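A short worksheet on the structure shown next.
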Amino acid sequence: MSWGTDLWDQFENLDKHSQWGIDFLERYAKFVKERLEIEQTYAKQLRSLVKKYCPKRSKEDEPRFTSCLSFYSILNELNDYAGQREVVAEEMGHRVYGELMRYSQDLKAERKHHLQEGRKAQQYLDQCWKHMDNSKKKFERECKEAEKSQLIYERLDNDINATKSEVEKAKSQLYLRQHMAEESKNEYAAQLQNFNSEQWKHFNVAIPQIFKNLQDMDERRTVKLGEMYRCFAEVERRVIPIISKCLEGMVTAAKNVNERRDSGIVVESFKSGFEPPGDFPFEDFSQNIQRTGSDGTIGTPKMEGGKPDPKHAVSRTKNKLWLFGKKPKAPTLEDLSHLPPEQRRKKLQHRIDELNKELQKEMDQRDALNKMKDVYEKNPQMGDPGSLQPKISETICNMEKLRSEIHKNESWLAEVEGKHGSRSERRASADVNHHAPHGRESPEGSYTDDHSQEHRSPPQPDPHEFDDEFDDDDPLPVIGHCKALYSFDGSNEGTLVMKENEVLYVIEEDKGDGWTRVRKQGGEEGYVPTSYVEITLEKNSKDKSEHFLWRSFRSSFHADEESGDPV
């Protein structure tokens, strides 16, 4: 099936069809362009979404929960997925849209050439037809003139009144016209033969070839469209494996969510290292009631002047414990003493690790500078060794500073670990003497040994005196005094209000949680931030504390004897 033979007379329609084919190709190219713009916009929006939900943060704020890590892994995979959408857009722009636009320009130029060739052939055939038509008309005209001259000659020849000269003249005119008609006939025959020949060439050679070229061009356009359709799909298919890996990564991230590990991280992050509070001791408010001699018990001695001794006052209702209340805020300190022991230990250990890393970097830099200095000394042309000395000195100075910081933080860490160990020993002792009064909770969740025993002279071996001595709860002994450096509002339960420069009694040291237990002149007790006060401990405070612990042990021992439990 050929356009040259079957469509020999459809030049105008083939002209329109070839133009439609190019327009359709450009329309598909426009479709591809809009598609790749959609891909670019989609990829851009995906990247913006990932950036929105992946804010920049410091290393300390990096999430450790598996749910958070999985989510950020999904965001990373989504970012890679967006990159693949950008690859699709780029490939479509380069391999499909760009190729189609270049091919469209080539088709336009080729179509223009073929149509010009067809029009030229048609114009030449039209010229041949005009020449043939003109010779035909001339031959017809000459024949009519010859016929007319023949009629005139016959009329004069038959006319007896015509002169001989008139007859000769008409005869010569007839010969002339007949000769001209014969020449016109020959010319017309030649032009007709030439036209027929050119017309045969036109419709059997020139036009079929031109139409064949147009047909080949259109078929190549169709094939090109098919290739572009396939390339369009191949661009998508090529990124499918990578996109599948991205989706598999998202599924893997989802499988990595571990609720047990997240719960453990919560414990690790917020564990203070303190023990839960024990039982509250019984507070006997009837000790000030006058007892009769028939009661058979030893009455509680009255306070002089009706006022309690501030050094031995019983805790008021202000000194309450809290479990779920808001803890008082303490200022952030360099030694992290405002943190609970466990958190302080972790922070200090992390700080020491970071300082060691920085120290190692400085040491590596020092070694590198020394090696460079040795090279310069051996090869002076490479550089001046003295130019490196300031940098070496600066590095050594930095190393000394880092070592000092490490030593300081290690001393704080040793202090925390030592207190933590002593606290563990106290907990073990409390487990053995379970009948002794349990500890009180400090503002940061710590628990202090509130024996509530009156400070007296060392116990005598008399068992009856030992029995009566611990019937009532005694307050904690004073182990020193402190001066308030700043005012403290004491708005939370268990804390104590104090004013700047106010002098308070210290009844319990800071156990690593950043809080010290104090007592006012009026007997009111509570906790204040250790960093807010200047503490001066008495020299015999250690003896008093040991004496107090010894009496507590005796009280527990006596209670076990009365209950019949073995000690």
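Residues are referred to by chain and number: the chain letter is A, B, ... according to the order shown in the structure tokens, the number counts from 1 in that chain, and ligands are numbered separately from 1 in the order shown.
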
Shell around stretch 347-352 of chain A at 8 Å using only C-alpha atoms, local window under 3 positions removed, as a list in words: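 In the requested format, the answer is Leu336, Gln343, Arg344, Leu355, Asn356, Ile406, Asn409, Glu410, Trp412 and Leu413 of chain A.
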
Close residues, A:Arg260 itself excluded, 12 Å, only C-alpha atoms, min 6 positions apart in chain, as JSON, numbers by chain: {"A": [65, 66, 67, 266, 267]}

Could those residues be written to a file, using N, CA, C and O atoms, as a compact mmCIF listing (two decimals), in the first residue's frame?
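Done, and the output landed in part09.txt:
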```txt
# COMPACT_ATOMS: atom_id res chain seq x y z
N PHE A 65 14.12 6.98 71.12
CA PHE A 65 13.03 6.02 71.10
C PHE A 65 12.94 5.36 69.72
O PHE A 65 13.13 6.00 68.69
N THR A 66 12.64 4.06 69.74
CA THR A 66 12.57 3.33 68.47
C THR A 66 11.45 3.89 67.58
O THR A 66 11.59 3.89 66.36
N SER A 67 10.37 4.35 68.19
CA SER A 67 9.29 4.92 67.38
C SER A 67 9.76 6.18 66.67
O SER A 67 9.45 6.40 65.48
N VAL A 266 12.75 5.25 78.55
CA VAL A 266 12.09 6.18 79.47
C VAL A 266 12.66 6.02 80.87
O VAL A 266 12.96 6.99 81.57
N VAL A 267 12.81 4.75 81.30
CA VAL A 267 13.38 4.49 82.62
C VAL A 267 14.80 5.03 82.70
O VAL A 267 15.19 5.69 83.67
```

Option closest in space to A:Ile22, from A:Tyr103, A:Trp3, A:Tyr527, A:Phe282 [counting only C-alpha atoms]: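 Among the listed residues, A:Tyr103 lies closest to A:Ile22.
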
Alpha helix (DSSP H) call set, DSSP backbone run, stretch 1-93 of chain A, as a ChimeraX atom specification: /A:3-6,11-53,66-91

Residue with smallest distance to A:Pro281 - pool A:Pro341, A:Gly480, A:Gly83, A:Pro475, counting only C-alpha atoms: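 Using only C-alpha atoms, A:Pro281 sits closest to A:Pro475.
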
Quick one: residues within 12 Å of A:Ser393, only C-alpha atoms, excluding same-chain residues fewer than 5 positions away - as an mmCIF file with N, CA and C atoms, in the first residue's frame?
```
data_model
loop_
_atom_site.group_PDB
_atom_site.id
_atom_site.type_symbol
_atom_site.label_atom_id
_atom_site.label_comp_id
_atom_site.auth_asym_id
_atom_site.auth_seq_id
_atom_site.Cartn_x
_atom_site.Cartn_y
_atom_site.Cartn_z
ATOM 1 N N GLU A 362 42.994 17.061 69.962
ATOM 2 C CA GLU A 362 44.092 17.989 70.198
ATOM 3 C C GLU A 362 45.434 17.257 70.212
ATOM 4 N N MET A 363 45.463 16.052 70.804
ATOM 5 C CA MET A 363 46.702 15.272 70.826
ATOM 6 C C MET A 363 47.126 14.879 69.421
ATOM 7 N N GLN A 365 46.390 16.502 66.717
ATOM 8 C CA GLN A 365 46.862 17.718 66.062
ATOM 9 C C GLN A 365 48.267 18.087 66.520
ATOM 10 N N ARG A 366 48.548 17.904 67.832
ATOM 11 C CA ARG A 366 49.885 18.177 68.345
ATOM 12 C C ARG A 366 50.925 17.257 67.696
ATOM 13 N N LEU A 369 51.544 18.370 64.161
ATOM 14 C CA LEU A 369 52.369 19.576 64.097
ATOM 15 C C LEU A 369 53.829 19.270 64.418
ATOM 16 N N ASN A 370 54.055 18.382 65.391
ATOM 17 C CA ASN A 370 55.433 18.014 65.719
ATOM 18 C C ASN A 370 56.119 17.300 64.548
ATOM 19 N N GLY A 386 59.885 27.474 63.097
ATOM 20 C CA GLY A 386 59.415 28.386 64.140
ATOM 21 C C GLY A 386 57.989 28.865 63.925
ATOM 22 N N SER A 387 57.523 28.833 62.688
ATOM 23 C CA SER A 387 56.152 29.293 62.423
ATOM 24 C C SER A 387 55.108 28.361 63.022
ATOM 25 N N LEU A 388 55.517 27.118 63.324
ATOM 26 C CA LEU A 388 54.571 26.150 63.891
ATOM 27 C C LEU A 388 54.516 26.195 65.412
ATOM 28 N N ASN A 398 45.426 24.067 75.064
ATOM 29 C CA ASN A 398 44.076 23.489 74.971
ATOM 30 C C ASN A 398 44.018 22.119 75.620
ATOM 31 N N MET A 399 45.085 21.346 75.441
ATOM 32 C CA MET A 399 45.119 20.016 76.061
ATOM 33 C C MET A 399 45.104 20.125 77.575
ATOM 34 N N GLU A 400 45.861 21.074 78.122
ATOM 35 C CA GLU A 400 45.878 21.251 79.575
ATOM 36 C C GLU A 400 44.509 21.666 80.095
#
```

Exercise: A:Glu117 partners within 10 Å, only C-alpha atoms, chain neighbours under 3 positions left out, as an MDAnalysis selection string: chainID A and resid 111:114 120:123 206:207 209:210

Could the residues in this selection be written to a file with N, CA, C and O atoms, as a PDB file, in the first residue's frame?
```pdb
ATOM      1  N   ARG A 111       9.174  17.864   6.045  1.00  0.00           N
ATOM      2  CA  ARG A 111       7.851  18.017   5.402  1.00  0.00           C
ATOM      3  C   ARG A 111       7.854  19.222   4.466  1.00  0.00           C
ATOM      4  O   ARG A 111       7.319  19.155   3.332  1.00  0.00           O
ATOM      5  N   LYS A 112       8.450  20.303   4.892  1.00  0.00           N
ATOM      6  CA  LYS A 112       8.512  21.492   4.057  1.00  0.00           C
ATOM      7  C   LYS A 112       9.251  21.204   2.754  1.00  0.00           C
ATOM      8  O   LYS A 112       8.815  21.635   1.660  1.00  0.00           O
ATOM      9  N   HIS A 113      10.342  20.457   2.857  1.00  0.00           N
ATOM     10  CA  HIS A 113      11.105  20.123   1.652  1.00  0.00           C
ATOM     11  C   HIS A 113      10.289  19.269   0.690  1.00  0.00           C
ATOM     12  O   HIS A 113      10.259  19.533  -0.530  1.00  0.00           O
ATOM     13  N   HIS A 114       9.627  18.235   1.200  1.00  0.00           N
ATOM     14  CA  HIS A 114       8.845  17.347   0.325  1.00  0.00           C
ATOM     15  C   HIS A 114       7.689  18.088  -0.316  1.00  0.00           C
ATOM     16  O   HIS A 114       7.403  17.897  -1.518  1.00  0.00           O
ATOM     17  N   LYS A 120       6.724  22.161  -6.855  1.00  0.00           N
ATOM     18  CA  LYS A 120       7.535  22.433  -8.034  1.00  0.00           C
ATOM     19  C   LYS A 120       7.153  21.517  -9.200  1.00  0.00           C
ATOM     20  O   LYS A 120       7.041  21.955 -10.354  1.00  0.00           O
ATOM     21  N   ALA A 121       6.973  20.247  -8.903  1.00  0.00           N
ATOM     22  CA  ALA A 121       6.573  19.296  -9.955  1.00  0.00           C
ATOM     23  C   ALA A 121       5.224  19.681 -10.538  1.00  0.00           C
ATOM     24  O   ALA A 121       4.997  19.610 -11.763  1.00  0.00           O
ATOM     25  N   GLN A 122       4.309  20.092  -9.667  1.00  0.00           N
ATOM     26  CA  GLN A 122       2.980  20.477 -10.134  1.00  0.00           C
ATOM     27  C   GLN A 122       3.053  21.740 -10.993  1.00  0.00           C
ATOM     28  O   GLN A 122       2.372  21.862 -12.031  1.00  0.00           O
ATOM     29  N   GLN A 123       3.897  22.688 -10.597  1.00  0.00           N
ATOM     30  CA  GLN A 123       4.052  23.915 -11.365  1.00  0.00           C
ATOM     31  C   GLN A 123       4.650  23.621 -12.749  1.00  0.00           C
ATOM     32  O   GLN A 123       4.226  24.212 -13.756  1.00  0.00           O
ATOM     33  N   ALA A 206       7.517  11.397 -10.319  1.00  0.00           N
ATOM     34  CA  ALA A 206       7.785  12.488  -9.371  1.00  0.00           C
ATOM     35  C   ALA A 206       6.838  12.428  -8.170  1.00  0.00           C
ATOM     36  O   ALA A 206       7.267  12.370  -7.012  1.00  0.00           O
ATOM     37  N   ILE A 207       5.540  12.455  -8.451  1.00  0.00           N
ATOM     38  CA  ILE A 207       4.560  12.474  -7.346  1.00  0.00           C
ATOM     39  C   ILE A 207       4.638  11.206  -6.498  1.00  0.00           C
ATOM     40  O   ILE A 207       4.624  11.294  -5.258  1.00  0.00           O
ATOM     41  N   GLN A 209       7.194   9.429  -5.853  1.00  0.00           N
ATOM     42  CA  GLN A 209       8.396   9.525  -5.012  1.00  0.00           C
ATOM     43  C   GLN A 209       8.209  10.515  -3.867  1.00  0.00           C
ATOM     44  O   GLN A 209       8.576  10.256  -2.715  1.00  0.00           O
ATOM     45  N   ILE A 210       7.594  11.656  -4.222  1.00  0.00           N
ATOM     46  CA  ILE A 210       7.362  12.666  -3.170  1.00  0.00           C
ATOM     47  C   ILE A 210       6.394  12.133  -2.120  1.00  0.00           C
ATOM     48  O   ILE A 210       6.613  12.263  -0.910  1.00  0.00           O
TER      49      ILE A 210
END
```

Nearby residues (only C-alpha atoms) at most 12 Å from stretch 169-183 of chain A, same-chain spacing under 5 positions excluded, as an MDAnalysis selection string: chainID A and resid 135:157 162:164 188:190

Near-A:Glu99 list (12 Å; only C-alpha atoms; drop same-chain fewer than 3 positions) as a PyMOL selection string: chain A and resi 25-26+28-29+32-33+91-96+102-106+224-225+227-228+231-232

Nearest to A:Gln45 by atom-to-atom distance, counting only C-alpha atoms, from A:Val87, A:Leu78, A:Cys68, A:Leu485: A:Leu78

Best match for closeness to A:Ile396 among A:Glu415, A:Asp9, A:Asp384, A:Asp367, counting only C-alpha atoms: A:Asp367

All residues 8 Å or closer to A:Leu46, only C-alpha atoms, same chain fewer than 4 positions away omitted, as a PDB file with all heavy atoms, in the first residue's frame:
```
ATOM      1  N   TYR A  42       5.785  17.503  42.769  1.00  0.00           N
ATOM      2  CA  TYR A  42       5.559  16.449  43.774  1.00  0.00           C
ATOM      3  C   TYR A  42       6.830  16.191  44.584  1.00  0.00           C
ATOM      4  O   TYR A  42       6.797  16.114  45.821  1.00  0.00           O
ATOM      5  CB  TYR A  42       5.113  15.182  43.056  1.00  0.00           C
ATOM      6  CG  TYR A  42       4.851  13.997  43.949  1.00  0.00           C
ATOM      7  CD1 TYR A  42       4.118  14.121  45.116  1.00  0.00           C
ATOM      8  CD2 TYR A  42       5.336  12.734  43.619  1.00  0.00           C
ATOM      9  CE1 TYR A  42       3.866  13.029  45.933  1.00  0.00           C
ATOM     10  CE2 TYR A  42       5.096  11.634  44.428  1.00  0.00           C
ATOM     11  CZ  TYR A  42       4.355  11.792  45.574  1.00  0.00           C
ATOM     12  OH  TYR A  42       4.125  10.714  46.389  1.00  0.00           O
ATOM     13  N   VAL A  50       9.477  16.553  54.233  1.00  0.00           N
ATOM     14  CA  VAL A  50      10.515  15.874  55.024  1.00  0.00           C
ATOM     15  C   VAL A  50      11.305  16.892  55.841  1.00  0.00           C
ATOM     16  O   VAL A  50      11.585  16.676  57.028  1.00  0.00           O
ATOM     17  CB  VAL A  50      11.447  15.083  54.085  1.00  0.00           C
ATOM     18  CG1 VAL A  50      12.660  14.570  54.849  1.00  0.00           C
ATOM     19  CG2 VAL A  50      10.695  13.919  53.459  1.00  0.00           C
ATOM     20  N   LEU A  78      11.556   8.507  52.522  1.00  0.00           N
ATOM     21  CA  LEU A  78      10.678   9.362  51.733  1.00  0.00           C
ATOM     22  C   LEU A  78      11.487  10.412  50.984  1.00  0.00           C
ATOM     23  O   LEU A  78      11.146  10.779  49.846  1.00  0.00           O
ATOM     24  CB  LEU A  78       9.646  10.028  52.644  1.00  0.00           C
ATOM     25  CG  LEU A  78       8.536  10.822  51.945  1.00  0.00           C
ATOM     26  CD1 LEU A  78       7.722   9.911  51.034  1.00  0.00           C
ATOM     27  CD2 LEU A  78       7.625  11.495  52.966  1.00  0.00           C
ATOM     28  N   ASN A  79      12.546  10.897  51.597  1.00  0.00           N
ATOM     29  CA  ASN A  79      13.420  11.852  50.917  1.00  0.00           C
ATOM     30  C   ASN A  79      14.093  11.190  49.711  1.00  0.00           C
ATOM     31  O   ASN A  79      14.207  11.797  48.642  1.00  0.00           O
ATOM     32  CB  ASN A  79      14.464  12.373  51.897  1.00  0.00           C
ATOM     33  CG  ASN A  79      15.233  13.548  51.331  1.00  0.00           C
ATOM     34  OD1 ASN A  79      14.653  14.552  50.933  1.00  0.00           O
ATOM     35  ND2 ASN A  79      16.538  13.429  51.293  1.00  0.00           N
ATOM     36  N   ALA A  82      11.544  10.921  47.049  1.00  0.00           N
ATOM     37  CA  ALA A  82      11.408  12.197  46.344  1.00  0.00           C
ATOM     38  C   ALA A  82      12.536  12.369  45.331  1.00  0.00           C
ATOM     39  O   ALA A  82      12.324  12.896  44.229  1.00  0.00           O
ATOM     40  CB  ALA A  82      11.417  13.350  47.349  1.00  0.00           C
TER      41      ALA A  82
END
```
